[in-house]
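Remarks on the structure that follows.
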Amino acid sequence: MEHPHGVQPALGLFEGGADEARSVRTAGLGSLSALPDECIMNILDSLAAADLARLATVSRFLYVFCQHDELWKALCLEELEGRWDFQGSWQESYLAGAVPGYRRDSRKPRRVAGVQSDLLYTPWLCASLAVDPAWLEMDNVDRRSNLSPAEFREQYEVPNRPVILTDVVTRWPAMRKWSRRYLRQAFEGGQVLVGDQPISFDAYCKYADANRDELPLYLFDKTFCATAPQLAGDYSVPPLFGEDLWHKDPNSTSAWNGVVRGSKKWVLYPPHITPPGVRPSADGADVASPVSLMEWFMSFYEHKESVGCTPAECTLRAGEMLFVPRGWWHVALNLEESVAVTQNFVSAVTLPHVLAFLRSRSPALVSGCAKESRAGLYDRFVAALRERRPELLEAAEAAQAAAQRRAEEQHKLAGLFKEQAAAPCNGAADGQAANGAAPGGGGGGGFTFGFSFS
């Protein structure tokens with residue numbers, strides 16, 4: 001299996017081909033060869049299509065970089081918006097949509113010797129590799145059926161633990177109806193959201209069948225029932241999640257994901273455990289992580305317990321629904337073409353956490369609506385609760401106030417012990433006589449103890 005343009009991974013200065021790779025890079029970039037590949041790609045990402053085409057003729061190193069399909073994907077999504085028609089690659093798709101009279105496959109990819117780049121090689125490798133069977137061996141999430149709302153709340157929602165429900169999706173008409181043919185008929189004449197752009201369902205199916213993307217575009221449409229109303233009757237919100245106060249994207253909300261067709265590999269870590277390879281900012285607004293799910297599995301799955309925690313894992317199959325607790329880190333890798341329904345929700349159990357999260361009013365943290373509306377989302381949510389569910393709002397605010405008082409008391413107590421621990425145990429100290437005796441007599445013996453707050 002070889003990269004279509006002959007690109008090799010960067011093997012290091014003393015590995016085979018290193019001298020040739022340095023020569024090709026220096027000759028192809030000149031004084032820019034001192035820049036890392038990421039900087040070169042950032043420069044290319046700012047260029048127009050015509051400039052990329054011209055630059056590709058300068059050297060074989062730049063030719064290979066200018067063929068990188070993610071550059072042409074960005075051009076398609078930015079310039080053609082929802083009018084692109086996938087032609088096997090994003091470069092072909094752009095040229096077919098933007099260049100009048102362009103003949104598809106009129107150019108063949110050229111293999112270039114001596115180009116080593118992890119930035120180009122890794123995305124191709126991730127998109128080309130099959131799923132490792134070892135990734136699917138662990139399955140440690142409870143599978144339950146016939147759970148009452150009280151049992152679900154007590155055993156999973158309050159403890160904030162994931163669980164798979166095996167008797168919900170199986171009752172949906174969608175299980176027998178949602179074939180590609182049925183969905184095509186349902187969406188006929190309408191559009192679906194793919195990468196936040198409206199395109200036809202047929203256009204998306206064509207892309208899904210032919211793409212070789214490391215990061216494929218998902219059909220993720222929160223308004224699909226408005227486009228295809230008949231689909232609304234093919235599924236229903238499970239009774240366990242019937243107490244849904246609010247429907248928005250994650251803001252310390254919980255979620256459920258029900259698979260109608262296909263299967264997904266899930267890996268989940270509890271809120272206080274950051275997964276290996278993931279680096280969140282201090283305020284949680286930004287997260288640095290591997291570019292794709294496949295890259296994370298390839299690089300970090302074997303080190304999944306290196307953070308001192310065994311993650312929750314499962315393969316979610318057609319007919320099963322996963323409860324994803326609030327705040328849990330998670331990845332979901334589609335193992336085949338899959339169709340699922342998902343929903344974030346707020347219940348009485350999670351309401352205090354959601355209110356605390358939204359109270360920041362930070363557009364960088366809050367999601368689920370237009371950026372200009374995020375700062376006011378907390379106030380709108382509270383106003384809606386005060387109007388429709390005032391008893392829940394009152395209980396949540398009382399719980400938050402009690403938690404705040406406990407935190408303040410613990411902080412004061414911790415400060416007290418910290419001051420005592422800071423006092424020296426031997427020798428003279430402020431307020432003591434020169435001979436080491438404490439004022440009022442008595443010896444100055446010291447002591448230590450352990451103390452923790454749960």
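Residue numbers start at 1 in each chain; chains themselves are named A, B, ... in the order of the structure tokens; ligands are numbered from 1 in the order shown.
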
Picked from region 141-367 of chain A by DSSP as alpha helix (DSSP H), as a PyMOL selection string | chain A and resi 149-152+174-177+180-186+201-210+224-227+293-300+351-358

Near region 27-33 of chain A, within 12 Å and counting only C-alpha atoms, which residues show up once chain neighbours fewer than 5 positions away are dropped, as a ChimeraX atom specification?
-> /A:20-22,38-41,43,55-65,114-115

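Atom pair CA of Leu44 (chain A) / CA of Leu71 (chain A): separated by 7.7 Å.
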
Region 108-111 of chain A: which residues within 8 Å, counting only C-alpha atoms, same-chain residues fewer than 6 positions away excluded, as a ChimeraX atom specification?
-> /A:4-6

Any chance you could export the current selection's all heavy atoms as a short mmCIF file (atom, residue, chain, number, x, y, z; two decimals), in the first residue's frame?
```
data_model
loop_
_atom_site.label_atom_id
_atom_site.label_comp_id
_atom_site.auth_asym_id
_atom_site.auth_seq_id
_atom_site.Cartn_x
_atom_site.Cartn_y
_atom_site.Cartn_z
N PRO A 4 -0.42 7.71 -3.10
CA PRO A 4 -0.58 7.91 -4.56
C PRO A 4 0.47 8.82 -5.18
O PRO A 4 0.73 8.73 -6.39
CB PRO A 4 -1.99 8.54 -4.67
CG PRO A 4 -2.33 9.02 -3.30
CD PRO A 4 -1.63 8.10 -2.36
N HIS A 5 1.10 9.67 -4.38
CA HIS A 5 2.15 10.53 -4.91
C HIS A 5 3.54 10.11 -4.45
O HIS A 5 4.51 10.84 -4.64
CB HIS A 5 1.90 11.99 -4.51
CG HIS A 5 0.65 12.57 -5.10
ND1 HIS A 5 0.48 12.80 -6.44
CD2 HIS A 5 -0.51 12.94 -4.49
CE1 HIS A 5 -0.73 13.30 -6.66
NE2 HIS A 5 -1.34 13.39 -5.50
N GLY A 6 3.64 8.93 -3.85
CA GLY A 6 4.93 8.39 -3.44
C GLY A 6 5.49 8.98 -2.16
O GLY A 6 6.67 8.77 -1.84
#
```

Separation of CA of Gln191 (chain A) from CA of His330 (chain A) in Å = 29.2 Å

Apply DSSP to the backbone of this structure and, from region 151-229 of chain A, keep only the residues in strand (DSSP E); write these as number ranges by chain.
-> A: 163-165, 192-194, 197-199

Show which residues sit within 10 Å of Pro198 (chain A), as a PyMOL selection string. Count only C-alpha atoms, and ignore same-chain residues fewer than 5 positions away.
-> chain A and resi 81-83+190-193+204+219+221

Out of A:Tyr207, A:Trp178, A:Trp135, A:Trp124, which residue has the shortest atom-to-atom distance to Ser89 (chain A) when counting only C-alpha atoms?
-> A:Tyr207

Go ahead and compute the interatomic distance for CA of Tyr269 (chain A) and CA of Gln343 (chain A), in Å to one decimal.
-> 19.6 Å

Which is closest to Trp266 (chain A) among A:Met138, A:Ala174, A:Ala318, A:Ala203, if we use only C-alpha atoms?
->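 Looking at the shortest contact to Trp266 (chain A), the residue is A:Met138.
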
Which one of A:His68, A:Ala98, A:Arg261, A:Phe345 sits closest to Arg176 (chain A) if you count only C-alpha atoms?
-> A:Arg261

For Val7 (chain A): contacts at 7 Å, only C-alpha atoms, fewer than 6 positions along chain excluded, given as a VMD selection string | chain A and resid 115 to 117 121

If you keep C-alpha atoms, can you produce a file of those selected residues as a PDB file, in the first residue's frame?
```pdb
ATOM      1  CA  VAL A 115       9.441  13.459  -0.437  1.00  0.00           C
ATOM      2  CA  GLN A 116       9.164  12.554   3.242  1.00  0.00           C
ATOM      3  CA  SER A 117       6.424  14.187   5.296  1.00  0.00           C
ATOM      4  CA  TYR A 121       1.619  10.606   4.947  1.00  0.00           C
TER       5      TYR A 121
END
```

Return the single residue from A:Gly319, A:Gly101, A:Pro363, A:Pro352 that is closest to Gln404 (chain A), with distances computed using only C-alpha atoms.
->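 Nearest candidate to Gln404 (chain A) out of A:Gly319, A:Gly101, A:Pro363, A:Pro352: A:Pro352.
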
Residues of region 88-171 of chain A at most 9 Å from region 288-298 of chain A: nearest atom pair and distance in Å, only C-alpha atoms, as a tab-separated table:
```
residue	atom	partner	partner_atom	distance
A:Thr122	CA	A:Glu295	CA	7.9
A:Pro123	CA	A:Glu295	CA	8.1
A:Leu125	CA	A:Glu295	CA	9.0
A:Cys126	CA	A:Met294	CA	5.6
A:Ala127	CA	A:Met294	CA	7.7
A:Leu129	CA	A:Met294	CA	8.5
A:Val131	CA	A:Met294	CA	8.2
A:Asp132	CA	A:Met298	CA	8.7
A:Trp135	CA	A:Phe297	CA	7.8
```
